[in-house]
Each structure stands twice: as C-alpha cells, then as structure tokens.
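Have a look at entry_29.tsv; it's TSV, C-alpha atoms:
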chain	number	residue	atom	x	y	z
A	23	MET	CA	100.44	-93.62	-82.44
A	24	PRO	CA	102.14	-96.91	-83.43
A	25	GLU	CA	105.40	-96.36	-85.30
A	26	GLY	CA	108.56	-98.43	-85.57
A	27	ASP	CA	109.64	-97.75	-82.00
A	28	THR	CA	106.25	-98.86	-80.65
A	29	VAL	CA	106.53	-102.16	-82.51
A	30	TYR	CA	110.14	-102.57	-81.38
A	31	ARG	CA	109.03	-102.34	-77.73
A	32	ALA	CA	106.07	-104.64	-78.34
A	33	ALA	CA	108.41	-107.24	-79.83
A	34	ALA	CA	110.67	-106.96	-76.78
A	35	ARG	CA	107.71	-107.63	-74.44
A	36	LEU	CA	106.53	-110.61	-76.48
A	37	ARG	CA	110.06	-111.96	-76.79
A	38	GLU	CA	110.42	-111.98	-73.01
A	39	ALA	CA	107.07	-113.71	-72.61
A	40	LEU	CA	107.13	-116.20	-75.48
A	41	ALA	CA	110.63	-116.89	-76.81
A	42	GLY	CA	112.09	-120.25	-75.86
A	43	ARG	CA	108.73	-121.59	-74.70
A	44	VAL	CA	106.19	-123.95	-76.28
A	45	LEU	CA	102.75	-122.63	-77.18
A	46	VAL	CA	99.87	-124.31	-75.38
A	47	ARG	CA	97.24	-122.10	-77.01
A	48	SER	CA	96.80	-120.18	-80.22
A	49	ASP	CA	93.57	-118.42	-81.05
A	50	PHE	CA	93.34	-116.62	-84.40
A	51	ARG	CA	90.22	-114.47	-84.30
A	52	VAL	CA	90.29	-113.59	-87.96
A	53	PRO	CA	88.21	-115.64	-90.42
A	54	ARG	CA	91.07	-116.62	-92.70
A	55	TYR	CA	92.95	-118.41	-89.92
A	56	ALA	CA	90.09	-119.44	-87.66
A	57	THR	CA	91.12	-123.11	-87.76
A	58	ALA	CA	94.89	-122.53	-87.42
A	59	ASP	CA	96.45	-124.28	-84.43
A	60	LEU	CA	100.03	-123.59	-83.29
A	61	ARG	CA	99.87	-125.64	-80.09
A	62	GLY	CA	103.11	-127.52	-79.54
A	63	GLU	CA	105.18	-125.04	-81.58
A	64	LEU	CA	108.31	-123.65	-79.96
A	65	VAL	CA	108.60	-119.87	-80.28
A	66	GLU	CA	112.15	-119.34	-81.49
A	67	GLN	CA	112.15	-115.59	-82.12
A	68	VAL	CA	110.03	-112.47	-81.79
A	69	VAL	CA	111.30	-109.56	-83.86
A	70	SER	CA	110.13	-106.28	-85.32
A	71	ARG	CA	110.65	-105.22	-88.91
A	72	GLY	CA	109.63	-101.61	-89.37
A	73	LYS	CA	105.99	-101.51	-88.29
A	74	HIS	CA	105.58	-105.29	-88.57
A	75	LEU	CA	105.94	-107.77	-85.70
A	76	LEU	CA	106.97	-111.38	-86.36
A	77	VAL	CA	106.58	-114.37	-84.05
A	78	ARG	CA	108.65	-117.20	-85.48
A	79	THR	CA	108.38	-120.94	-84.81
A	80	PRO	CA	110.06	-123.76	-86.78
A	81	SER	CA	106.91	-124.19	-88.90
A	82	TRP	CA	105.35	-120.74	-88.99
A	83	SER	CA	105.92	-117.00	-88.98
A	84	VAL	CA	103.04	-114.99	-87.53
A	85	ARG	CA	103.06	-111.45	-88.92
A	86	SER	CA	101.00	-108.69	-87.35
A	87	HIS	CA	100.67	-104.98	-88.05
A	88	LEU	CA	99.23	-102.59	-85.46
A	89	LYS	CA	97.92	-100.00	-87.94
A	90	MET	CA	96.36	-97.13	-85.96
A	91	GLU	CA	94.59	-98.85	-83.08
A	92	GLY	CA	96.40	-102.13	-82.49
A	93	GLU	CA	98.47	-103.16	-79.49
A	94	TRP	CA	99.96	-106.24	-77.88
A	95	ARG	CA	99.55	-106.92	-74.16
A	96	VAL	CA	101.00	-109.69	-72.01
A	97	TYR	CA	99.17	-111.25	-69.06
A	98	ALA	CA	99.71	-114.02	-66.55
A	99	PRO	CA	97.48	-117.08	-67.11
A	100	GLY	CA	94.05	-116.38	-65.68
A	101	GLN	CA	94.67	-112.65	-65.32
A	102	PRO	CA	91.82	-110.41	-66.57
A	103	TRP	CA	92.72	-108.79	-69.87
A	104	GLY	CA	91.60	-105.28	-69.04
A	105	LYS	CA	90.19	-104.80	-72.54
A	106	PRO	CA	87.02	-106.27	-74.09
A	107	ALA	CA	87.61	-109.80	-75.38
A	108	HIS	CA	85.86	-109.01	-78.67
A	109	LEU	CA	88.73	-106.65	-79.55
A	110	ALA	CA	91.26	-109.50	-79.45
A	111	ARG	CA	92.45	-110.63	-82.88
A	112	LEU	CA	95.15	-113.10	-81.83
A	113	VAL	CA	96.04	-114.96	-78.63
A	114	LEU	CA	99.32	-116.83	-78.16
A	115	ALA	CA	99.98	-118.48	-74.81
A	116	ASN	CA	102.38	-120.78	-72.99
A	117	ASP	CA	102.32	-122.09	-69.43
A	118	GLU	CA	103.62	-118.79	-68.03
A	119	ALA	CA	102.22	-115.98	-70.19
A	120	VAL	CA	99.32	-115.00	-72.43
A	121	ALA	CA	100.03	-112.55	-75.28
A	122	VAL	CA	96.94	-110.86	-76.70
A	123	GLY	CA	96.90	-108.75	-79.85
A	124	PHE	CA	94.03	-106.27	-79.68
A	125	GLU	CA	92.59	-104.52	-82.74
A	126	LEU	CA	95.47	-105.63	-84.93
A	127	GLY	CA	95.22	-104.09	-88.38
A	128	GLU	CA	96.70	-107.15	-90.07
A	129	VAL	CA	97.34	-110.74	-89.09
A	130	GLU	CA	99.02	-113.17	-91.45
A	131	LEU	CA	100.23	-116.74	-90.96
A	132	LEU	CA	103.20	-117.52	-93.18
A	133	ARG	CA	105.53	-120.41	-93.78
A	134	PRO	CA	109.08	-119.32	-92.85
A	135	ASP	CA	110.23	-119.40	-96.46
A	136	ALA	CA	107.44	-116.98	-97.44
A	137	GLU	CA	108.33	-114.30	-94.89
A	138	ASP	CA	110.95	-112.55	-97.02
A	139	ALA	CA	108.58	-112.28	-99.96
A	140	ALA	CA	105.83	-110.85	-97.75
A	141	LEU	CA	108.14	-108.07	-96.54
A	142	ALA	CA	110.28	-107.71	-99.65
A	143	ARG	CA	109.14	-104.19	-100.47
A	144	LEU	CA	110.18	-102.77	-97.11
A	145	GLY	CA	113.16	-100.46	-97.09
A	146	PRO	CA	116.02	-100.69	-94.57
A	147	ASP	CA	114.74	-101.09	-91.02
A	148	LEU	CA	115.70	-98.07	-88.92
A	149	LEU	CA	115.81	-100.26	-85.80
A	150	GLY	CA	117.19	-103.38	-87.43
A	151	GLU	CA	120.61	-104.89	-86.98
A	152	ASP	CA	121.04	-104.71	-90.74
A	153	TRP	CA	120.27	-100.97	-90.98
A	154	ASP	CA	121.77	-99.61	-94.20
A	155	PRO	CA	121.91	-95.78	-94.41
A	156	VAL	CA	123.44	-95.83	-97.89
A	157	GLU	CA	120.55	-97.87	-99.28
A	158	ALA	CA	117.99	-95.73	-97.44
A	159	THR	CA	119.55	-92.56	-98.83
A	160	ALA	CA	119.50	-93.95	-102.37
A	161	ARG	CA	115.83	-94.85	-102.03
A	162	LEU	CA	115.02	-91.37	-100.74
A	163	VAL	CA	116.93	-89.70	-103.58
A	164	ALA	CA	114.94	-91.79	-106.07
A	165	ARG	CA	111.76	-90.02	-104.86
A	166	GLY	CA	113.09	-86.68	-106.13
A	167	GLU	CA	109.77	-85.08	-107.16
A	168	GLN	CA	107.75	-86.46	-104.27
A	169	PRO	CA	106.98	-84.29	-101.21
A	170	ILE	CA	109.56	-85.06	-98.55
A	171	ALA	CA	106.92	-85.97	-95.94
A	172	VAL	CA	105.27	-88.43	-98.32
A	173	ALA	CA	108.60	-90.01	-99.22
A	174	LEU	CA	109.63	-90.40	-95.58
A	175	LEU	CA	106.31	-92.05	-94.73
A	176	ASP	CA	106.78	-94.58	-97.52
A	177	GLN	CA	107.96	-97.77	-95.83
A	178	ARG	CA	109.72	-98.77	-99.05
A	179	VAL	CA	112.21	-95.94	-98.43
A	180	MET	CA	112.85	-96.63	-94.73
A	181	ALA	CA	110.86	-98.94	-92.50
A	182	GLY	CA	109.63	-97.52	-89.22
A	183	LEU	CA	108.78	-93.83	-89.61
A	184	GLY	CA	105.26	-92.53	-89.03
A	185	ASN	CA	103.62	-89.11	-88.88
A	186	VAL	CA	105.14	-88.06	-85.57
A	187	TYR	CA	108.73	-88.67	-86.59
A	188	VAL	CA	108.25	-87.29	-90.10
A	189	ASN	CA	106.80	-83.99	-88.87
A	190	GLU	CA	109.47	-83.61	-86.21
A	191	LEU	CA	112.21	-84.54	-88.66
A	192	CYS	CA	111.04	-81.93	-91.17
A	193	PHE	CA	111.05	-79.28	-88.44
A	194	LEU	CA	114.51	-80.18	-87.20
A	195	ARG	CA	115.88	-80.00	-90.73
A	196	GLY	CA	114.03	-76.75	-91.48
A	197	ILE	CA	112.08	-78.31	-94.36
A	198	ARG	CA	108.46	-77.71	-95.32
A	199	PRO	CA	106.80	-81.15	-95.49
A	200	GLU	CA	105.42	-80.53	-98.97
A	201	ARG	CA	108.82	-79.61	-100.47
A	202	PRO	CA	110.07	-82.09	-103.11
A	203	VAL	CA	112.81	-84.44	-101.98
A	204	ALA	CA	115.16	-82.99	-104.61
A	205	GLU	CA	114.85	-79.55	-102.98
A	206	ALA	CA	114.87	-80.63	-99.35
A	207	GLY	CA	118.59	-80.51	-98.65
A	208	ASP	CA	121.17	-83.22	-98.07
A	209	PRO	CA	119.27	-86.55	-98.10
A	210	ALA	CA	122.05	-88.34	-96.18
A	211	ARG	CA	121.65	-85.88	-93.29
A	212	ILE	CA	117.88	-86.42	-93.28
A	213	VAL	CA	118.35	-90.20	-93.15
A	214	GLU	CA	120.99	-89.91	-90.43
A	215	LEU	CA	118.74	-87.78	-88.23
A	216	ALA	CA	115.77	-90.11	-88.78
A	217	HIS	CA	117.90	-93.00	-87.55
A	218	ARG	CA	119.21	-91.03	-84.58
A	219	LEU	CA	115.72	-89.90	-83.49
A	220	ILE	CA	114.08	-93.30	-83.55
A	221	GLN	CA	117.10	-95.02	-81.98
A	222	ALA	CA	117.05	-92.51	-79.11
A	223	ASN	CA	113.38	-93.27	-78.47
A	224	ARG	CA	113.27	-97.03	-78.93
A	225	GLU	CA	113.20	-97.72	-75.18
A	226	ARG	CA	110.91	-94.78	-74.26
A	227	THR	CA	107.15	-94.98	-73.88
A	228	ALA	CA	106.77	-91.26	-74.66
A	229	ARG	CA	108.66	-89.94	-77.70
A	230	VAL	CA	111.03	-87.05	-77.12
A	231	THR	CA	112.50	-84.96	-79.94
A	232	THR	CA	113.11	-81.69	-78.06
A	233	GLY	CA	115.44	-83.19	-75.48
A	234	VAL	CA	112.96	-82.32	-72.71
A	235	ASP	CA	111.22	-85.39	-71.33
A	236	ARG	CA	108.32	-83.60	-69.69
A	237	ARG	CA	104.63	-83.75	-70.47
A	238	GLY	CA	103.70	-81.03	-72.96
A	239	ALA	CA	107.33	-80.31	-73.86
A	240	ARG	CA	108.49	-83.44	-75.68
A	241	LEU	CA	107.72	-82.51	-79.32
A	242	TRP	CA	108.51	-79.49	-81.49
A	243	VAL	CA	105.47	-79.26	-83.77
A	244	TYR	CA	103.48	-82.49	-83.95
A	245	GLY	CA	100.00	-82.04	-82.47
A	246	ARG	CA	100.72	-78.39	-81.57
A	247	ALA	CA	98.61	-76.52	-84.14
A	248	GLY	CA	97.96	-72.96	-82.97
A	249	ALA	CA	100.63	-73.13	-80.25
A	250	PRO	CA	103.76	-70.94	-80.43
A	251	CYS	CA	106.87	-72.45	-81.98
A	252	ARG	CA	109.34	-73.37	-79.27
A	253	ARG	CA	112.12	-71.65	-81.23
A	254	CYS	CA	110.67	-68.49	-82.76
A	255	GLY	CA	107.18	-68.01	-81.32
A	256	ALA	CA	105.31	-68.16	-84.64
A	257	LEU	CA	102.08	-70.18	-84.47
A	258	VAL	CA	102.41	-73.81	-85.53
A	259	GLU	CA	100.23	-74.64	-88.55
A	260	ARG	CA	98.37	-77.82	-89.46
A	261	GLY	CA	97.62	-79.15	-92.94
A	262	GLU	CA	97.17	-82.33	-94.95
A	263	LEU	CA	98.96	-83.93	-97.86
A	264	GLY	CA	96.16	-86.34	-98.74
A	265	ARG	CA	95.91	-90.10	-98.47
A	266	GLY	CA	97.72	-92.95	-100.19
A	267	ARG	CA	99.88	-96.00	-99.82
A	268	THR	CA	102.74	-95.53	-97.40
A	269	ASP	CA	103.29	-99.13	-96.27
A	270	SER	CA	104.61	-102.13	-98.14
A	271	ILE	CA	101.41	-104.05	-97.57
A	272	THR	CA	98.62	-101.43	-97.81
A	273	ASP	CA	98.61	-98.70	-95.22
A	274	PRO	CA	96.53	-95.71	-96.29
A	275	GLN	CA	97.37	-92.84	-93.96
A	276	GLU	CA	96.01	-89.36	-93.73
A	277	ARG	CA	99.19	-87.36	-94.14
A	278	VAL	CA	98.65	-84.72	-91.48
A	279	ILE	CA	101.43	-82.17	-91.34
A	280	TYR	CA	102.46	-79.69	-88.66
A	281	LEU	CA	105.01	-76.98	-89.29
A	282	CYS	CA	106.39	-73.65	-88.20
A	283	PRO	CA	105.95	-71.21	-91.10
A	284	HIS	CA	109.02	-69.25	-89.99
A	285	CYS	CA	111.50	-72.04	-89.12
A	286	GLN	CA	110.53	-74.21	-92.10
A	287	ARG	CA	110.87	-72.35	-95.37
Re-express the file's structure as structure tokens.
Amino acid sequence: MPEGDTVYRAAARLREALAGRVLVRSDFRVPRYATADLRGELVEQVVSRGKHLLVRTPSWSVRSHLKMEGEWRVYAPGQPWGKPAHLARLVLANDEAVAVGFELGEVELLRPDAEDAALARLGPDLLGEDWDPVEATARLVARGEQPIAVALLDQRVMAGLGNVYVNELCFLRGIRPERPVAEAGDPARIVELAHRLIQANRERTARVTTGVDRRGARLWVYGRAGAPCRRCGALVERGELGRGRTDSITDPQERVIYLCPHCQR
C-alpha cells in the first residue's frame, strides 16, 4: 500500500534514472495534459513530499500521487514494460532510461512557482530534510476531539502516514484508534514514534514494525484480523472509521482499523 516510504523509494529510483539528464520523450496520458511536451528539459531534481512525487525541470514541476494502485517503474530503452501499456499515465524518458507511471491517481503539471501553493496544506514531511516535530505536534494537538487514527491519516498534520503506519503506531502506543487525540496520551511521543517508524523503513521494500523482518511476522496488527496478538494472545479485531478527506489534495480513504482489544484500551 503506497505510503510516504513507498514514494520516497520511488523518488530515489527516478532520481537515479532521470536527474541530470535531458528528456527526449514525455507522454502525458491524461486528457488535461495530452499536448504537453517536455522534450529538451533538463531534469534537475526528483523528490518526494509526503505521498507526492515531484520531477523538477527549469520550466516545470511534474507532480504525481500514487493513490492506492499507482507505481513508478524504470526500464532501459526498448525494454518491455511488463505491465499493460493502457495502464500508463505518464512516460518520461532520456537516452538511458524510461520512467513509466502506471495507474497514477493524480498527475499535475505545474510551473515551479506554483508548486508551493499546490502543496501548501501538507504538514511537515516525515521523510523530508525540513522535518519539524514541534510543528507536527502542534498540528496534532489542534485535532483534540478527532479520533487519533483520523488525525494521523490527515496529511495536513504530518505528510507521509497511511493506514499501515497509523494502525501499527496506535498499537505500539497502546491507543484505540477511535480515541480522541486529547485523550490519546503524549502527542510529542506519538509524533516521535511515527517519525522513527517511517525513517527505519524508508529503504525497505517490506515494512517492519515488530523488529522481525520475516514474512508473516513483520507487523503487529495491520491485516491480522482474527489472528492472536503477538503480545497477549487476544484476537486482533478489525473495524472502520468511515471515509473522508485525509490528503491535502483530495484523498478519500476507507479508514480501516486493526487493534488488540487487550493491549489497546
């Protein structure tokens, strides 16, 4: 499931393939930008910002969001893509590499001076160089009456968390996901652990929150409904907190929650 760490790794792959090289092909397969042409543009940077990926040239900033199904893949010129071509939403290529964005939830072509405004509502980026735990904590505190899981999923509080991290974070802090922020314990400790978890996983393909990097043992509660809690043996429960906006652009997510009824009270 794409979360901030997934986008961070995708940006690293695209940076290696595109940064410092001139585009010889750009193919926007979304109606709004069907005639856009970035050929001749030098890719200066590829960065992630929360769940958003930005490819920057002197004239343009290409913003993409994976949503639930999207992914970026990099190929050698002429190499078969390995996925149906009709799923491609954006192709950026130079003489040495072809970057293909499949099933991207959002694609937006911005002038560089419009990028900040497009992402202005995002909270501090958990994987960004400018990470600000004080600001993130203040934004979390401001959601006092909101369920803690809903607040943590809101990208305006902190940019990068998704359902997996939020459920695991609530378990590790012993908090029921539906508990109001004001009653969920020390917000600074919650923010600190969120940062530590996603930082520890930013280079991993498979997320690990238990400390055991083995298939079937990596997570405490997420996706484990009906299985025994790894700490106390009680059966892990599954529920929902509804749907709503959790991203700065528009990211309606089904807020699925997993919890141990004994460890999280």
* To do: Would you mind listing what lies within 12 Å of Glu151 of chain A as a list in words, with only C-alpha atoms counted and same-chain residues fewer than 6 positions away left out?
  => Val69, Ser70, Arg71, Gly72 and Gln221 of chain A
* Kindly give the distance, in Å, that separates atom CA of Cys282 of chain A and atom CA of Pro169 of chain A, rounded to a single decimal. =>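 These atoms are spaced 16.8 Å apart.
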* Asked: Near segment 101-108 of chain A, within 10 Å and counting all atoms listed in the file, which residues show up once chain neighbours fewer than 3 positions away are dropped, as a list in words?
  -> Arg51, Arg95, Val96, Tyr97, Ala98, Arg111, Ala119, Val120, Ala121, Val122, Phe124 and Glu125 of chain A
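Interatomic distance, atom CA of Glu118 of chain A to atom CA of Pro99 of chain A: 6.4 Å.
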Can you pull out every residue within 8 Å of Phe50 of chain A, counting only C-alpha atoms, but drop anything in the same chain fewer than 3 positions away, and send it as a PDB file with C-alpha atoms, in the frame of the given file?
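Listing of result.pdb after writing:
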ATOM      1  CA  PRO A  53      88.210-115.640 -90.420  1.00  0.00           C
ATOM      2  CA  TYR A  55      92.950-118.410 -89.920  1.00  0.00           C
ATOM      3  CA  ALA A  56      90.090-119.440 -87.660  1.00  0.00           C
ATOM      4  CA  THR A  57      91.120-123.110 -87.760  1.00  0.00           C
ATOM      5  CA  ALA A  58      94.890-122.530 -87.420  1.00  0.00           C
ATOM      6  CA  ARG A 111      92.450-110.630 -82.880  1.00  0.00           C
ATOM      7  CA  LEU A 112      95.150-113.100 -81.830  1.00  0.00           C
ATOM      8  CA  VAL A 113      96.040-114.960 -78.630  1.00  0.00           C
TER       9      VAL A 113
END
* **Contacts of Val129 of chain A within 10 Å, all atoms listed in the file, excl. fewer than 3 positions in-chain, as a VMD selection string** => chain A and resid 50 to 52 54 to 55 74 to 75 84 to 88 111 to 112 123 126 132
* Could you give me, as a PyMOL selection string, the residues that sit within 12 Å of (109.4, -108.4, -92.9) in the file's coordinates, counting all atoms listed in the file? => chain A and resi 68-78+83-87+130+132+134-147+150+177-178+181-182+269-271
Any chance you could export the current selection's C-alpha atoms as a PDB file, keeping the file's coordinate frame?
ATOM      1  CA  VAL A  68     110.030-112.470 -81.790  1.00  0.00           C
ATOM      2  CA  VAL A  69     111.300-109.560 -83.860  1.00  0.00           C
ATOM      3  CA  SER A  70     110.130-106.280 -85.320  1.00  0.00           C
ATOM      4  CA  ARG A  71     110.650-105.220 -88.910  1.00  0.00           C
ATOM      5  CA  GLY A  72     109.630-101.610 -89.370  1.00  0.00           C
ATOM      6  CA  LYS A  73     105.990-101.510 -88.290  1.00  0.00           C
ATOM      7  CA  HIS A  74     105.580-105.290 -88.570  1.00  0.00           C
ATOM      8  CA  LEU A  75     105.940-107.770 -85.700  1.00  0.00           C
ATOM      9  CA  LEU A  76     106.970-111.380 -86.360  1.00  0.00           C
ATOM     10  CA  VAL A  77     106.580-114.370 -84.050  1.00  0.00           C
ATOM     11  CA  ARG A  78     108.650-117.200 -85.480  1.00  0.00           C
ATOM     12  CA  SER A  83     105.920-117.000 -88.980  1.00  0.00           C
ATOM     13  CA  VAL A  84     103.040-114.990 -87.530  1.00  0.00           C
ATOM     14  CA  ARG A  85     103.060-111.450 -88.920  1.00  0.00           C
ATOM     15  CA  SER A  86     101.000-108.690 -87.350  1.00  0.00           C
ATOM     16  CA  HIS A  87     100.670-104.980 -88.050  1.00  0.00           C
ATOM     17  CA  GLU A 130      99.020-113.170 -91.450  1.00  0.00           C
ATOM     18  CA  LEU A 132     103.200-117.520 -93.180  1.00  0.00           C
ATOM     19  CA  PRO A 134     109.080-119.320 -92.850  1.00  0.00           C
ATOM     20  CA  ASP A 135     110.230-119.400 -96.460  1.00  0.00           C
ATOM     21  CA  ALA A 136     107.440-116.980 -97.440  1.00  0.00           C
ATOM     22  CA  GLU A 137     108.330-114.300 -94.890  1.00  0.00           C
ATOM     23  CA  ASP A 138     110.950-112.550 -97.020  1.00  0.00           C
ATOM     24  CA  ALA A 139     108.580-112.280 -99.960  1.00  0.00           C
ATOM     25  CA  ALA A 140     105.830-110.850 -97.750  1.00  0.00           C
ATOM     26  CA  LEU A 141     108.140-108.070 -96.540  1.00  0.00           C
ATOM     27  CA  ALA A 142     110.280-107.710 -99.650  1.00  0.00           C
ATOM     28  CA  ARG A 143     109.140-104.190-100.470  1.00  0.00           C
ATOM     29  CA  LEU A 144     110.180-102.770 -97.110  1.00  0.00           C
ATOM     30  CA  GLY A 145     113.160-100.460 -97.090  1.00  0.00           C
ATOM     31  CA  PRO A 146     116.020-100.690 -94.570  1.00  0.00           C
ATOM     32  CA  ASP A 147     114.740-101.090 -91.020  1.00  0.00           C
ATOM     33  CA  GLY A 150     117.190-103.380 -87.430  1.00  0.00           C
ATOM     34  CA  GLN A 177     107.960 -97.770 -95.830  1.00  0.00           C
ATOM     35  CA  ARG A 178     109.720 -98.770 -99.050  1.00  0.00           C
ATOM     36  CA  ALA A 181     110.860 -98.940 -92.500  1.00  0.00           C
ATOM     37  CA  GLY A 182     109.630 -97.520 -89.220  1.00  0.00           C
ATOM     38  CA  ASP A 269     103.290 -99.130 -96.270  1.00  0.00           C
ATOM     39  CA  SER A 270     104.610-102.130 -98.140  1.00  0.00           C
ATOM     40  CA  ILE A 271     101.410-104.050 -97.570  1.00  0.00           C
TER      41      ILE A 271
END
* Contacts of Ile197 of chain A at 7 Å or less, counting only C-alpha atoms, minus same-chain residues fewer than 6 places along, as JSON, numbers by chain? -> {"A": [206, 286, 287]}
* To do: Find, counting all atoms listed in the file, the residue in A:Glu128, A:Glu66, A:Asp117, A:Asp154 that gets nearest to Glu93 of chain A.
  =>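 Ranking A:Glu128, A:Glu66, A:Asp117, A:Asp154 by distance to Glu93 of chain A, first place goes to A:Glu128.
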* Nearest to Ile279 of chain A, chosen from A:Glu214, A:Arg253, A:Arg198, A:Val46, with all atoms listed in the file counted in the distances -> A:Arg198
* Interatomic distance between atom CA of Asp152 of chain A and atom CA of Leu36 of chain A? -> 21.2 Å
* Protein and nucleic acid residues near (112.8, -92.1, -82.7) (cut-off 10 Å, all atoms listed in the file) as a list of chain:residue names -> A:Glu25, A:Gly26, A:Asp27, A:Thr28, A:Leu148, A:Leu149, A:Gly182, A:Leu183, A:Gly184, A:Val186, A:Tyr187, A:Val188, A:Glu190, A:Leu191, A:Leu215, A:Ala216, A:His217, A:Arg218, A:Leu219, A:Ile220, A:Gln221, A:Ala222, A:Asn223, A:Arg224, A:Glu225, A:Arg226, A:Arg229, A:Val230, A:Thr231
Residues from the last selection, C-alpha atoms, saved as a PDB file, keeping the file's coordinate frame:
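Printed below is again.pdb as written:
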ATOM      1  CA  GLU A  25     105.400 -96.360 -85.300  1.00  0.00           C
ATOM      2  CA  GLY A  26     108.560 -98.430 -85.570  1.00  0.00           C
ATOM      3  CA  ASP A  27     109.640 -97.750 -82.000  1.00  0.00           C
ATOM      4  CA  THR A  28     106.250 -98.860 -80.650  1.00  0.00           C
ATOM      5  CA  LEU A 148     115.700 -98.070 -88.920  1.00  0.00           C
ATOM      6  CA  LEU A 149     115.810-100.260 -85.800  1.00  0.00           C
ATOM      7  CA  GLY A 182     109.630 -97.520 -89.220  1.00  0.00           C
ATOM      8  CA  LEU A 183     108.780 -93.830 -89.610  1.00  0.00           C
ATOM      9  CA  GLY A 184     105.260 -92.530 -89.030  1.00  0.00           C
ATOM     10  CA  VAL A 186     105.140 -88.060 -85.570  1.00  0.00           C
ATOM     11  CA  TYR A 187     108.730 -88.670 -86.590  1.00  0.00           C
ATOM     12  CA  VAL A 188     108.250 -87.290 -90.100  1.00  0.00           C
ATOM     13  CA  GLU A 190     109.470 -83.610 -86.210  1.00  0.00           C
ATOM     14  CA  LEU A 191     112.210 -84.540 -88.660  1.00  0.00           C
ATOM     15  CA  LEU A 215     118.740 -87.780 -88.230  1.00  0.00           C
ATOM     16  CA  ALA A 216     115.770 -90.110 -88.780  1.00  0.00           C
ATOM     17  CA  HIS A 217     117.900 -93.000 -87.550  1.00  0.00           C
ATOM     18  CA  ARG A 218     119.210 -91.030 -84.580  1.00  0.00           C
ATOM     19  CA  LEU A 219     115.720 -89.900 -83.490  1.00  0.00           C
ATOM     20  CA  ILE A 220     114.080 -93.300 -83.550  1.00  0.00           C
ATOM     21  CA  GLN A 221     117.100 -95.020 -81.980  1.00  0.00           C
ATOM     22  CA  ALA A 222     117.050 -92.510 -79.110  1.00  0.00           C
ATOM     23  CA  ASN A 223     113.380 -93.270 -78.470  1.00  0.00           C
ATOM     24  CA  ARG A 224     113.270 -97.030 -78.930  1.00  0.00           C
ATOM     25  CA  GLU A 225     113.200 -97.720 -75.180  1.00  0.00           C
ATOM     26  CA  ARG A 226     110.910 -94.780 -74.260  1.00  0.00           C
ATOM     27  CA  ARG A 229     108.660 -89.940 -77.700  1.00  0.00           C
ATOM     28  CA  VAL A 230     111.030 -87.050 -77.120  1.00  0.00           C
ATOM     29  CA  THR A 231     112.500 -84.960 -79.940  1.00  0.00           C
TER      30      THR A 231
END
Let me have the centre and edge lengths of the axis-aligned box enclosing all listed atoms of segment 227-233 of chain A with 8 Å padding on every side, in Å to one decimal, as lines of an AutoDock Vina configuration file.
center_x = 111.1
center_y = -88.3
center_z = -76.9
size_x = 24.7
size_y = 29.3
size_z = 22.1
* Given only C-alpha atoms as the counted atoms, nearest of A:Val278, A:Cys254, A:Ala228, A:Leu162 to Leu241 of chain A ->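 The answer is A:Ala228, which sits nearest to Leu241 of chain A.
Using only C-alpha atoms, the shortest contact distance between Gly207 of chain A and any of A:Ala247, A:Gly166, A:Arg35, A:Thr227 is found at A:Gly166.
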* Asked: Using all atoms listed in the file, which of A:Ala249, A:Leu45, A:Ala34, A:Val203 sits nearest Thr159 of chain A?
  ->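 The closest residue to Thr159 of chain A is A:Val203.
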Tell me, counting only C-alpha atoms, for each residue of segment 91-186 of chain A within 12 Å of segment 192-196 of chain A, which pair of atoms is nearest and how far apart they are in Å to one decimal, in rows ordered by chain and increasing number, as JSON lines.
{"residue": "A:Pro169", "atom": "CA", "partner": "A:Cys192", "partner_atom": "CA", "distance": 11.1}
{"residue": "A:Ile170", "atom": "CA", "partner": "A:Cys192", "partner_atom": "CA", "distance": 8.2}
{"residue": "A:Ala171", "atom": "CA", "partner": "A:Cys192", "partner_atom": "CA", "distance": 7.5}
{"residue": "A:Val172", "atom": "CA", "partner": "A:Cys192", "partner_atom": "CA", "distance": 11.3}
{"residue": "A:Ala173", "atom": "CA", "partner": "A:Cys192", "partner_atom": "CA", "distance": 11.7}
{"residue": "A:Leu174", "atom": "CA", "partner": "A:Cys192", "partner_atom": "CA", "distance": 9.7}
{"residue": "A:Leu175", "atom": "CA", "partner": "A:Cys192", "partner_atom": "CA", "distance": 11.7}
{"residue": "A:Asn185", "atom": "CA", "partner": "A:Cys192", "partner_atom": "CA", "distance": 10.6}
{"residue": "A:Val186", "atom": "CA", "partner": "A:Cys192", "partner_atom": "CA", "distance": 10.2}
